[in-house]
file model-v2.cif (mmCIF, C-alpha atoms and all ligand atoms)
data_start
loop_
_atom_site.label_atom_id
_atom_site.label_comp_id
_atom_site.auth_asym_id
_atom_site.auth_seq_id
_atom_site.Cartn_x
_atom_site.Cartn_y
_atom_site.Cartn_z
CA MET A 27 -21.77 6.79 -29.76
CA ALA A 28 -22.96 3.21 -29.33
CA ASP A 29 -19.69 2.41 -27.54
CA GLU A 30 -20.14 5.36 -25.17
CA LYS A 31 -23.62 4.19 -24.27
CA GLN A 32 -22.37 0.66 -23.75
CA THR A 33 -19.60 1.92 -21.44
CA LYS A 34 -22.11 3.96 -19.39
CA LEU A 35 -24.42 0.98 -19.04
CA ASP A 36 -21.55 -1.19 -17.90
CA LEU A 37 -20.51 1.37 -15.29
CA ASN A 38 -24.04 1.51 -13.92
CA ASN A 39 -24.17 -2.25 -13.70
CA LEU A 40 -20.81 -2.32 -11.99
CA LYS A 41 -21.95 0.33 -9.50
CA ALA A 42 -25.05 -1.71 -8.74
CA GLY A 43 -22.70 -4.57 -7.93
CA GLY A 44 -20.51 -2.51 -5.56
CA PHE A 45 -17.76 -1.50 -8.06
CA ILE A 46 -17.77 2.30 -8.22
CA LYS A 47 -15.83 4.27 -10.83
CA GLU A 48 -13.22 6.66 -9.42
CA ARG A 49 -11.79 9.82 -10.97
CA GLY A 50 -8.58 8.10 -12.11
CA LYS A 51 -8.50 6.20 -15.40
CA ASP A 52 -9.43 2.49 -15.05
CA LEU A 53 -9.69 2.81 -11.26
CA PHE A 54 -12.60 1.71 -9.11
CA THR A 55 -13.61 1.62 -5.46
CA VAL A 56 -14.79 -1.81 -4.36
CA ARG A 57 -17.36 -1.55 -1.57
CA LEU A 58 -17.39 -4.57 0.73
CA ARG A 59 -20.45 -5.86 2.51
CA VAL A 60 -20.14 -5.53 6.29
CA PRO A 61 -23.63 -5.94 7.82
CA GLY A 62 -23.85 -4.27 11.21
CA GLY A 63 -20.22 -3.12 10.90
CA ARG A 64 -18.92 -6.31 12.50
CA MET A 65 -16.04 -8.29 11.07
CA SER A 66 -13.90 -11.14 12.36
CA VAL A 67 -10.22 -10.36 12.86
CA PRO A 68 -9.04 -13.04 10.35
CA ARG A 69 -11.35 -11.55 7.71
CA LEU A 70 -10.03 -8.07 8.44
CA LYS A 71 -6.48 -9.37 7.94
CA LYS A 72 -7.48 -10.95 4.62
CA ILE A 73 -9.00 -7.67 3.42
CA ALA A 74 -5.82 -5.83 4.43
CA GLU A 75 -3.78 -8.32 2.38
CA VAL A 76 -5.98 -7.84 -0.69
CA ALA A 77 -5.92 -4.06 -0.29
CA GLU A 78 -2.12 -4.08 -0.05
CA LYS A 79 -1.78 -6.26 -3.14
CA PHE A 80 -4.32 -4.61 -5.45
CA GLY A 81 -5.34 -1.26 -3.94
CA GLY A 82 -3.92 2.11 -2.98
CA GLU A 83 -2.21 3.18 0.24
CA PHE A 84 -5.38 3.21 2.30
CA VAL A 85 -8.87 1.79 2.58
CA HIS A 86 -11.89 3.91 3.43
CA LEU A 87 -14.47 3.16 6.12
CA SER A 88 -17.77 4.41 4.74
CA VAL A 89 -20.31 6.20 6.94
CA ARG A 90 -22.51 3.10 6.54
CA GLN A 91 -19.89 0.75 7.97
CA SER A 92 -18.58 -0.68 4.70
CA ILE A 93 -14.88 -1.13 4.04
CA GLU A 94 -14.03 0.35 0.66
CA LEU A 95 -10.97 -0.81 -1.26
CA ILE A 96 -9.63 2.21 -3.12
CA ASN A 97 -7.77 2.45 -6.45
CA ILE A 98 -8.59 -1.02 -7.74
CA ASN A 99 -7.86 -1.43 -11.45
CA PHE A 100 -10.83 -3.01 -13.24
CA ARG A 101 -8.48 -5.60 -14.75
CA ASP A 102 -7.97 -6.98 -11.24
CA PHE A 103 -11.69 -7.40 -10.40
CA ASP A 104 -11.73 -11.18 -10.80
CA ALA A 105 -8.53 -11.62 -8.82
CA VAL A 106 -9.78 -9.33 -6.03
CA VAL A 107 -13.07 -11.20 -5.73
CA GLU A 108 -11.32 -14.56 -5.81
CA GLU A 109 -8.72 -13.61 -3.20
CA LEU A 110 -11.33 -12.12 -0.90
CA GLY A 111 -13.18 -15.42 -1.12
CA GLU A 112 -16.64 -14.76 -2.53
CA LYS A 113 -18.39 -16.81 0.13
CA SER A 114 -16.75 -15.22 3.16
CA GLN A 115 -16.52 -11.60 1.93
CA LYS A 116 -19.24 -10.40 -0.40
CA VAL A 117 -19.24 -7.13 -2.30
CA ALA A 118 -21.95 -4.60 -1.41
CA SER A 119 -24.35 -2.91 -3.80
CA CYS A 120 -25.70 0.50 -4.79
CA GLY A 121 -28.83 1.56 -6.68
CA ALA A 122 -32.54 1.06 -6.13
CA ARG A 123 -32.38 -1.90 -3.80
CA VAL A 124 -32.18 -2.85 -0.12
CA ARG A 125 -28.72 -1.82 1.10
CA VAL A 126 -26.49 -3.43 3.71
CA PRO A 127 -28.10 -2.79 7.11
CA VAL A 128 -26.11 -0.82 9.69
CA ALA A 129 -26.21 -1.47 13.43
CA CYS A 130 -24.51 -0.51 16.65
CA GLY A 131 -22.85 -3.12 18.86
CA GLY A 132 -26.19 -4.01 20.50
CA CYS A 133 -26.59 -5.87 23.75
CA GLU A 134 -23.64 -8.28 23.70
CA TYR A 135 -21.10 -5.93 25.27
CA ASN A 136 -22.65 -2.45 25.16
CA PRO A 137 -24.01 -1.55 28.63
CA ASN A 138 -26.92 0.40 27.09
CA GLY A 139 -27.90 -2.24 24.53
CA LEU A 140 -31.41 -3.66 25.03
CA VAL A 141 -31.68 -5.92 21.96
CA ASP A 142 -29.45 -8.02 19.71
CA THR A 143 -28.98 -5.54 16.87
CA GLN A 144 -26.19 -7.61 15.33
CA LYS A 145 -28.41 -10.65 14.96
CA SER A 146 -31.14 -8.51 13.37
CA ALA A 147 -28.68 -6.89 10.93
CA LEU A 148 -27.36 -10.30 9.84
CA GLU A 149 -30.89 -11.63 9.33
CA VAL A 150 -31.90 -8.64 7.23
CA ASP A 151 -28.69 -8.86 5.21
CA GLU A 152 -29.17 -12.55 4.58
CA LYS A 153 -32.87 -12.38 3.64
CA LEU A 154 -33.39 -8.94 2.08
CA PHE A 155 -30.05 -7.50 0.92
CA GLY A 156 -30.17 -6.51 -2.74
CA THR A 157 -33.97 -6.81 -3.06
CA PRO A 158 -34.92 -4.40 -5.88
CA THR A 159 -37.38 -1.73 -4.77
CA GLY A 160 -38.16 -0.57 -8.29
CA HIS A 161 -37.97 3.07 -7.16
CA HIS A 162 -35.01 4.14 -5.05
CA LYS A 163 -32.46 3.03 -2.46
CA PHE A 164 -33.75 1.51 0.77
CA LYS A 165 -31.78 1.79 3.99
CA VAL A 166 -32.26 0.05 7.32
CA ALA A 167 -30.55 0.67 10.65
CA PHE A 168 -30.66 -0.96 14.08
CA ALA A 169 -29.92 0.89 17.32
CA GLY A 170 -29.67 -1.03 20.57
CA CYS A 171 -31.45 1.64 22.62
CA PRO A 172 -33.16 5.03 22.28
CA PHE A 173 -29.78 6.83 22.31
CA ASP A 174 -29.89 5.91 18.61
CA CYS A 175 -26.18 6.19 17.85
CA PRO A 176 -26.72 4.78 14.30
CA LYS A 177 -29.22 7.62 13.64
CA SER A 178 -31.80 5.01 12.70
CA ALA A 179 -34.59 7.58 12.34
CA THR A 180 -32.89 8.99 9.22
CA ASN A 181 -33.13 5.60 7.45
CA ASP A 182 -36.07 4.34 5.41
CA ILE A 183 -36.74 2.05 8.36
CA GLY A 184 -35.06 2.63 11.72
CA PHE A 185 -35.26 0.19 14.62
CA GLN A 186 -34.45 1.11 18.23
CA GLY A 187 -34.29 -1.31 21.14
CA ALA A 188 -36.82 -0.47 23.86
CA ILE A 189 -38.13 -1.66 27.22
CA TYR A 190 -41.50 -0.82 28.72
CA PRO A 191 -41.00 -0.63 32.50
CA THR A 192 -43.41 -1.85 35.15
CA LEU A 193 -43.22 -1.24 38.90
CA ASP A 194 -43.77 -3.58 41.84
CA LYS A 195 -44.36 -0.99 44.57
CA ASP A 196 -44.05 -3.55 47.35
CA ALA A 197 -40.46 -4.29 46.35
CA CYS A 198 -39.48 -0.59 46.39
CA ILE A 199 -37.34 0.69 49.30
CA GLY A 200 -37.77 4.36 48.31
CA CYS A 201 -34.11 5.06 47.44
CA GLY A 202 -35.11 7.45 44.63
CA LEU A 203 -32.38 6.23 42.24
CA CYS A 204 -34.87 5.54 39.44
CA ALA A 205 -36.25 9.10 39.56
CA LYS A 206 -32.70 10.52 39.59
CA SER A 207 -31.59 8.41 36.63
CA CYS A 208 -34.68 9.01 34.48
CA VAL A 209 -33.42 11.83 32.25
CA PRO A 210 -36.77 12.46 30.48
CA LYS A 211 -38.38 12.85 33.94
CA ALA A 212 -40.98 10.13 33.49
CA ILE A 213 -40.50 9.16 37.15
CA ALA A 214 -41.06 11.41 40.18
CA MET A 215 -41.06 10.37 43.83
CA GLY A 216 -44.54 10.54 45.34
CA GLU A 217 -45.59 11.60 48.84
CA ASP A 218 -45.39 7.97 49.97
CA ASN A 219 -41.74 7.99 48.83
CA LYS A 220 -42.55 5.57 46.00
CA PRO A 221 -42.07 6.30 42.29
CA VAL A 222 -44.88 7.76 40.22
CA PHE A 223 -44.61 6.91 36.50
CA SER A 224 -45.80 9.13 33.61
CA ASN A 225 -46.22 7.34 30.32
CA ASP A 226 -45.85 10.26 27.90
CA PRO A 227 -42.28 11.41 28.64
CA CYS A 228 -40.97 7.81 28.87
CA ILE A 229 -38.64 6.97 25.98
CA TRP A 230 -38.40 3.26 26.93
CA CYS A 231 -34.66 3.38 27.68
CA GLY A 232 -34.82 0.89 30.54
CA ASP A 233 -32.48 2.90 32.81
CA CYS A 234 -34.91 2.59 35.73
CA VAL A 235 -34.82 -1.21 35.42
CA LYS A 236 -31.02 -1.22 35.33
CA VAL A 237 -30.55 1.11 38.29
CA CYS A 238 -33.13 -0.25 40.74
CA PRO A 239 -31.29 -2.11 43.51
CA THR A 240 -34.24 -4.31 44.50
CA GLY A 241 -35.70 -5.24 41.10
CA ALA A 242 -38.88 -3.27 41.82
CA TRP A 243 -38.74 -2.01 38.23
CA SER A 244 -38.77 -4.77 35.62
CA GLU A 245 -39.59 -5.00 31.93
CA ALA A 246 -43.18 -5.57 30.88
CA LYS A 247 -42.25 -5.58 27.19
CA ARG A 248 -39.04 -5.58 25.14
CA GLY A 249 -38.55 -5.17 21.42
CA TYR A 250 -38.04 -2.56 18.72
CA THR A 251 -39.70 0.78 18.22
CA VAL A 252 -39.87 1.37 14.47
CA ARG A 253 -39.62 4.69 12.69
CA ILE A 254 -40.33 4.82 8.98
CA GLY A 255 -39.67 7.26 6.15
CA GLY A 256 -36.36 8.83 7.15
CA LYS A 257 -33.53 9.69 4.76
CA TRP A 258 -30.48 11.93 4.49
CA GLY A 259 -29.11 13.77 1.46
CA ARG A 260 -30.22 17.08 -0.05
CA ASN A 261 -33.72 16.95 1.38
CA PRO A 262 -33.54 15.02 4.65
CA LEU A 263 -36.48 13.59 6.55
CA VAL A 264 -36.82 12.12 10.03
CA GLY A 265 -38.88 8.95 10.09
CA THR A 266 -41.87 8.82 12.45
CA LEU A 267 -43.14 6.16 14.83
CA PHE A 268 -45.23 3.38 13.29
CA ALA A 269 -44.68 0.48 15.71
CA THR A 270 -43.58 -0.22 19.27
CA PHE A 271 -42.15 -3.30 20.98
CA LEU A 272 -41.94 -5.26 17.76
CA PRO A 273 -40.45 -8.67 18.62
CA GLU A 274 -36.86 -8.87 17.39
CA ASP A 275 -37.57 -11.97 15.33
CA ARG A 276 -40.25 -10.13 13.30
CA ALA A 277 -37.98 -7.37 11.95
CA VAL A 278 -37.46 -9.05 8.55
CA GLU A 279 -41.19 -9.68 8.13
CA PHE A 280 -41.92 -6.06 9.07
CA ILE A 281 -39.45 -4.69 6.51
CA ALA A 282 -40.89 -6.99 3.84
CA ALA A 283 -44.39 -5.62 4.56
CA VAL A 284 -43.17 -2.02 4.23
CA LEU A 285 -41.35 -2.89 0.99
CA GLU A 286 -44.51 -4.42 -0.42
CA TRP A 287 -46.45 -1.20 0.30
CA TYR A 288 -43.65 1.00 -1.09
CA LYS A 289 -43.32 -0.99 -4.32
CA GLN A 290 -47.04 -0.72 -4.94
CA LYS A 291 -47.69 2.91 -3.89
CA ALA A 292 -44.65 4.40 -5.63
CA GLU A 293 -45.58 2.81 -8.93
CA GLY A 294 -45.51 5.46 -11.66
CA LEU A 295 -43.99 8.12 -9.34
CA GLY A 296 -40.45 7.78 -10.71
CA ARG A 297 -37.38 7.84 -8.51
CA ILE A 298 -39.03 8.48 -5.16
CA ARG A 299 -37.93 7.49 -1.63
CA LEU A 300 -40.23 5.78 0.84
CA GLY A 301 -40.57 8.90 3.06
CA ASP A 302 -41.75 11.06 0.15
CA THR A 303 -44.19 8.31 -0.86
CA ILE A 304 -45.63 8.36 2.68
CA ILE A 305 -45.98 12.15 2.55
CA LYS A 306 -47.79 11.83 -0.77
CA GLU A 307 -50.11 8.97 0.23
CA GLY A 308 -50.63 9.96 3.86
CA PRO A 309 -49.11 8.04 6.82
CA GLU A 310 -52.43 6.36 7.74
CA GLU A 311 -52.27 4.44 4.43
CA LEU A 312 -49.08 2.69 5.47
CA LEU A 313 -50.19 2.42 9.09
CA ASN A 314 -53.37 0.56 8.05
CA HIS A 315 -51.37 -1.77 5.83
CA LEU A 316 -49.06 -2.61 8.75
CA ARG A 317 -51.89 -2.84 11.28
CA SER A 318 -53.42 -5.75 9.36
CA ARG A 319 -50.18 -7.74 9.84
CA PHE A 320 -48.89 -6.42 13.17
CA PRO A 321 -52.01 -5.45 15.15
CA GLU A 322 -50.27 -5.71 18.52
CA ASN A 323 -47.40 -3.46 17.58
CA THR A 324 -48.66 -0.67 15.34
CA VAL A 325 -49.32 2.66 17.03
CA ALA A 326 -52.85 4.12 17.11
CA GLU A 327 -51.85 7.06 14.94
CA THR A 328 -48.76 8.69 13.54
CA ILE A 329 -47.62 11.63 11.45
CA ALA A 330 -45.80 11.93 8.14
CA PRO A 331 -41.96 11.98 8.08
CA GLN A 332 -40.66 15.36 9.21
CA ILE A 333 -38.57 17.68 7.04
CA ILE A 334 -35.17 18.69 8.45
CA ALA A 335 -33.73 22.00 7.27
CA THR A 336 -29.98 21.49 6.85
CA GLN A 337 -29.18 24.72 4.97
CA ILE A 338 -29.44 26.68 8.21
CA GLY A 339 -28.01 30.19 8.08
CA LYS A 340 -28.19 30.45 4.30
S1 LIG B 1 -27.65 3.09 20.36
FE1 LIG B 1 -27.58 2.50 22.52
S2 LIG B 1 -26.85 0.39 22.50
FE2 LIG B 1 -26.35 1.28 20.51
S3 LIG B 1 -24.25 2.10 20.72
FE3 LIG B 1 -25.67 3.77 21.19
S4 LIG B 1 -25.87 3.71 23.41
FE4 LIG B 1 -25.04 1.71 22.79
S1 LIG B 2 -37.70 3.53 30.72
FE1 LIG B 2 -36.28 5.28 30.78
S2 LIG B 2 -37.57 7.04 30.33
FE2 LIG B 2 -38.95 5.37 30.90
S3 LIG B 2 -39.27 5.61 33.08
FE3 LIG B 2 -37.56 4.19 32.87
S4 LIG B 2 -35.73 5.51 32.95
FE4 LIG B 2 -37.48 6.84 32.57
S1 LIG B 3 -34.81 2.57 42.31
FE1 LIG B 3 -36.15 0.86 42.87
S2 LIG B 3 -36.07 0.85 45.06
FE2 LIG B 3 -35.26 2.83 44.47
S3 LIG B 3 -37.05 4.20 44.47
FE3 LIG B 3 -36.90 3.37 42.42
S4 LIG B 3 -38.23 1.57 42.43
FE4 LIG B 3 -37.83 2.10 44.53
#

call {"tool": "encode", "arguments": {"input": "model-v2.cif", "output": "structure tokens", "more": "lines below"}}
Ligand code: SF4
Ligand code: SF4
Ligand code: SF4
result
Amino acid sequence: MADEKQTKLDLNNLKAGGFIKERGKDLFTVRLRVPGGRMSVPRLKKIAEVAEKFGGEFVHLSVRQSIELININFRDFDAVVEELGEKSQKVASCGARVRVPVACGGCEYNPNGLVDTQKSALEVDEKLFGTPTGHHKFKVAFAGCPFDCPKSATNDIGFQGAIYPTLDKDACIGCGLCAKSCVPKAIAMGEDNKPVFSNDPCIWCGDCVKVCPTGAWSEAKRGYTVRIGGKWGRNPLVGTLFATFLPEDRAVEFIAAVLEWYKQKAEGLGRIRLGDTIIKEGPEELLNHLRSRFPENTVAETIAPQIIATQIGK
């Protein structure tokens, strides 16, 4: 009995360290840490070598951008870690801690990218990865623009690149391209054949700035919009807007402030995610906490994370 308990404890510890027990006897999946889903080609080759030597016939790319080595015998753990090179390729983690952040390609080569999501993901990975929350897992995602390919709003904290546009009417030649390209219809052409902007429908995508041939539209602000309290799983939630145009270099500080609130407010509530804690405490509690640190970026008011029904048709 004591041995069984010991074995279970060891498996949990291993899982926390990124070594996950498989169905087969003695076999584990080793989850590798790939912040933002970016990996150099030499490192990819090294991982392929290690997988070929110690693993099964394939590797698995997880939905959160990790490479998972499959069918690793636990007797080979030390050799796998050593051959991967612990410094250059770290193993990921599971459990109640900050997970590896995911990110899209961002602004380096993606034509829609408005911010450097890769830089943000690396910073968060370096400074916050593995931080224990004391309650539940904690996921972060960075999207380069409001298209939100990484589905950031279903993470505990989701960041989306955004631009607030401003118009210099004198520079406008009345071509109408901005109004045509503004999908949410935040721009209409006025009687003077100049654009008329409506704030509410604008999703801060920056398309008007990109399309304007004369530079009449430019950016007044650039940064991240931040949605908090999302999650997936059996009872999914969509995170809601808590901050706008957060400077890219304040993302780590912002996450740390949310973590501080979460650790404190979820005390004694058991295994509870951030979104459910916000629902319980009320979103204004967290908003006030953030407003004291980020007065220029927090929104005036927000709502609790929204429930998504996934068992549709049942
Ligand atoms: S979220 Fe935007 S920047 Fe990122 S991959 Fe999608 S379209 Fe490109
Ligand atoms: S930023 Fe996007 S949504 Fe807003 S006005 Fe420009 S094109 Fe329209
Ligand atoms: S795209 Fe530029 S030039 Fe053309 S209507 Fe819009 S603001 Fe004016």

call {"tool": "closest_residue", "arguments": {"input": "model-v2.cif", "among": "A:Glu322, A:Asp218, A:Glu293, A:Glu310", "to": "ligand LIG 3 (chain B)", "atoms": "all atoms listed in the file"}}
result
A:Asp218

call {"tool": "residues_around", "arguments": {"input": "model-v2.cif", "residues": "Arg299 in chain A", "least_positions_apart": "4", "cutoff": "12 Å", "atoms": "all atoms listed in the file", "output": "ChimeraX atom specification"}}
result
/A:121-124,159-165,181-183,254-259,261-263,265,285,288-289,291-293,295,303-306,331

call {"tool": "write_last_selection", "arguments": {"input": "model-v2.cif", "atoms": "C-alpha atoms", "output": "PDB file, keeping the file's coordinate frame"}}
result
ATOM      1  CA  GLY A 121     -28.830   1.560  -6.680  1.00  0.00           C
ATOM      2  CA  ALA A 122     -32.540   1.060  -6.130  1.00  0.00           C
ATOM      3  CA  ARG A 123     -32.380  -1.900  -3.800  1.00  0.00           C
ATOM      4  CA  VAL A 124     -32.180  -2.850  -0.120  1.00  0.00           C
ATOM      5  CA  THR A 159     -37.380  -1.730  -4.770  1.00  0.00           C
ATOM      6  CA  GLY A 160     -38.160  -0.570  -8.290  1.00  0.00           C
ATOM      7  CA  HIS A 161     -37.970   3.070  -7.160  1.00  0.00           C
ATOM      8  CA  HIS A 162     -35.010   4.140  -5.050  1.00  0.00           C
ATOM      9  CA  LYS A 163     -32.460   3.030  -2.460  1.00  0.00           C
ATOM     10  CA  PHE A 164     -33.750   1.510   0.770  1.00  0.00           C
ATOM     11  CA  LYS A 165     -31.780   1.790   3.990  1.00  0.00           C
ATOM     12  CA  ASN A 181     -33.130   5.600   7.450  1.00  0.00           C
ATOM     13  CA  ASP A 182     -36.070   4.340   5.410  1.00  0.00           C
ATOM     14  CA  ILE A 183     -36.740   2.050   8.360  1.00  0.00           C
ATOM     15  CA  ILE A 254     -40.330   4.820   8.980  1.00  0.00           C
ATOM     16  CA  GLY A 255     -39.670   7.260   6.150  1.00  0.00           C
ATOM     17  CA  GLY A 256     -36.360   8.830   7.150  1.00  0.00           C
ATOM     18  CA  LYS A 257     -33.530   9.690   4.760  1.00  0.00           C
ATOM     19  CA  TRP A 258     -30.480  11.930   4.490  1.00  0.00           C
ATOM     20  CA  GLY A 259     -29.110  13.770   1.460  1.00  0.00           C
ATOM     21  CA  ASN A 261     -33.720  16.950   1.380  1.00  0.00           C
ATOM     22  CA  PRO A 262     -33.540  15.020   4.650  1.00  0.00           C
ATOM     23  CA  LEU A 263     -36.480  13.590   6.550  1.00  0.00           C
ATOM     24  CA  GLY A 265     -38.880   8.950  10.090  1.00  0.00           C
ATOM     25  CA  LEU A 285     -41.350  -2.890   0.990  1.00  0.00           C
ATOM     26  CA  TYR A 288     -43.650   1.000  -1.090  1.00  0.00           C
ATOM     27  CA  LYS A 289     -43.320  -0.990  -4.320  1.00  0.00           C
ATOM     28  CA  LYS A 291     -47.690   2.910  -3.890  1.00  0.00           C
ATOM     29  CA  ALA A 292     -44.650   4.400  -5.630  1.00  0.00           C
ATOM     30  CA  GLU A 293     -45.580   2.810  -8.930  1.00  0.00           C
ATOM     31  CA  LEU A 295     -43.990   8.120  -9.340  1.00  0.00           C
ATOM     32  CA  THR A 303     -44.190   8.310  -0.860  1.00  0.00           C
ATOM     33  CA  ILE A 304     -45.630   8.360   2.680  1.00  0.00           C
ATOM     34  CA  ILE A 305     -45.980  12.150   2.550  1.00  0.00           C
ATOM     35  CA  LYS A 306     -47.790  11.830  -0.770  1.00  0.00           C
ATOM     36  CA  PRO A 331     -41.960  11.980   8.080  1.00  0.00           C
TER      37      PRO A 331
END

call {"tool": "closest_atom_pairs", "arguments": {"input": "model-v2.cif", "of": "chain A", "to": "ligand LIG 1 (chain B)", "cutoff": "9 Å", "atoms": "all atoms listed in the file", "output": "JSON lines"}}
result
{"residue": "A:Ala129", "atom": "CA", "partner": "B:LIG1", "partner_atom": "FE2", "distance": 7.6}
{"residue": "A:Cys130", "atom": "CA", "partner": "B:LIG1", "partner_atom": "FE2", "distance": 4.6}
{"residue": "A:Gly131", "atom": "CA", "partner": "B:LIG1", "partner_atom": "S3", "distance": 5.7}
{"residue": "A:Gly132", "atom": "CA", "partner": "B:LIG1", "partner_atom": "S2", "distance": 4.9}
{"residue": "A:Cys133", "atom": "CA", "partner": "B:LIG1", "partner_atom": "S2", "distance": 6.4}
{"residue": "A:Tyr135", "atom": "CA", "partner": "B:LIG1", "partner_atom": "FE4", "distance": 8.9}
{"residue": "A:Asn136", "atom": "CA", "partner": "B:LIG1", "partner_atom": "FE4", "distance": 5.4}
{"residue": "A:Pro137", "atom": "CA", "partner": "B:LIG1", "partner_atom": "FE4", "distance": 6.8}
{"residue": "A:Asn138", "atom": "CA", "partner": "B:LIG1", "partner_atom": "S2", "distance": 4.6}
{"residue": "A:Gly139", "atom": "CA", "partner": "B:LIG1", "partner_atom": "S2", "distance": 3.5}
{"residue": "A:Leu140", "atom": "CA", "partner": "B:LIG1", "partner_atom": "S2", "distance": 6.6}
{"residue": "A:Val141", "atom": "CA", "partner": "B:LIG1", "partner_atom": "S2", "distance": 8.0}
{"residue": "A:Thr143", "atom": "CA", "partner": "B:LIG1", "partner_atom": "FE2", "distance": 8.2}
{"residue": "A:Phe168", "atom": "CA", "partner": "B:LIG1", "partner_atom": "S1", "distance": 8.1}
{"residue": "A:Ala169", "atom": "CA", "partner": "B:LIG1", "partner_atom": "S1", "distance": 4.4}
{"residue": "A:Gly170", "atom": "CA", "partner": "B:LIG1", "partner_atom": "S2", "distance": 3.7}
{"residue": "A:Cys171", "atom": "CA", "partner": "B:LIG1", "partner_atom": "FE1", "distance": 4.0}
{"residue": "A:Pro172", "atom": "CA", "partner": "B:LIG1", "partner_atom": "FE1", "distance": 6.1}
{"residue": "A:Phe173", "atom": "CA", "partner": "B:LIG1", "partner_atom": "S1", "distance": 4.7}
{"residue": "A:Asp174", "atom": "CA", "partner": "B:LIG1", "partner_atom": "S1", "distance": 4.0}
{"residue": "A:Cys175", "atom": "CA", "partner": "B:LIG1", "partner_atom": "FE3", "distance": 4.2}
{"residue": "A:Pro176", "atom": "CA", "partner": "B:LIG1", "partner_atom": "S1", "distance": 6.4}
{"residue": "A:Lys177", "atom": "CA", "partner": "B:LIG1", "partner_atom": "S1", "distance": 8.3}
{"residue": "A:Ser178", "atom": "CA", "partner": "B:LIG1", "partner_atom": "S1", "distance": 8.9}
{"residue": "A:Gln186", "atom": "CA", "partner": "B:LIG1", "partner_atom": "S1", "distance": 7.4}
{"residue": "A:Gly187", "atom": "CA", "partner": "B:LIG1", "partner_atom": "S2", "distance": 7.8}
{"residue": "A:Cys231", "atom": "CA", "partner": "B:LIG1", "partner_atom": "FE1", "distance": 8.8}

call {"tool": "closest_residue", "arguments": {"input": "model-v2.cif", "among": "A:Val60, A:Ile98, A:Val237, A:Ala105", "to": "ligand LIG 3 (chain B)", "atoms": "all atoms listed in the file"}}
result
A:Val237

call {"tool": "atom_distance", "arguments": {"input": "model-v2.cif", "atom1": "CA of Pro127 in chain A", "atom2": "CA of Gln144 in chain A"}}
result
9.7 Å

call {"tool": "closest_residue", "arguments": {"input": "model-v2.cif", "among": "A:Phe45, A:Trp287, A:Trp230, A:Phe100", "to": "ligand LIG 2 (chain B)", "atoms": "only C-alpha atoms and all ligand atoms"}}
result
A:Trp230

call {"tool": "residues_near_ligand", "arguments": {"input": "model-v2.cif", "ligand": "ligand LIG 2 (chain B)", "cutoff": "7 Å", "atoms": "all atoms listed in the file", "output": "PyMOL selection string"}}
result
chain A and resi 189-191+204+207-213+223+227-235

call {"tool": "residues_near_ligand", "arguments": {"input": "model-v2.cif", "ligand": "ligand LIG 3 (chain B)", "cutoff": "7 Å", "atoms": "only C-alpha atoms and all ligand atoms", "output": "list in words"}}
result
Leu193, Lys195, Ala197, Cys198, Ile199, Gly200, Cys201, Gly202, Leu203, Cys204, Ala205, Lys220, Pro221, Cys234, Val237, Cys238, Pro239, Thr240, Gly241, Ala242 and Trp243 of chain A

call {"tool": "atom_distance", "arguments": {"input": "model-v2.cif", "atom1": "CA of Gly111 in chain A", "atom2": "CA of Val76 in chain A"}}
result
10.5 Å

call {"tool": "residues_around", "arguments": {"input": "model-v2.cif", "residues": "Leu316 in chain A", "least_positions_apart": "3", "cutoff": "9 Å", "atoms": "all atoms listed in the file", "output": "list of chain:residue names"}}
result
A:Phe268, A:Ala269, A:Phe280, A:Ala283, A:Val284, A:Trp287, A:Glu311, A:Leu312, A:Leu313, A:Arg319, A:Phe320, A:Pro321, A:Thr324

call {"tool": "atom_distance", "arguments": {"input": "model-v2.cif", "atom1": "CA of Leu110 in chain A", "atom2": "CA of Lys79 in chain A"}}
result
11.4 Å

call {"tool": "closest_residue", "arguments": {"input": "model-v2.cif", "among": "A:Val56, A:Ala188, A:Ala179, A:Ala147", "to": "Ile334 in chain A", "atoms": "all atoms listed in the file"}}
result
A:Ala179

call {"tool": "closest_residue", "arguments": {"input": "model-v2.cif", "among": "A:Glu217, A:Asp52, A:Glu83, A:Glu245", "to": "Phe103 in chain A", "atoms": "only C-alpha atoms"}}
result
A:Asp52
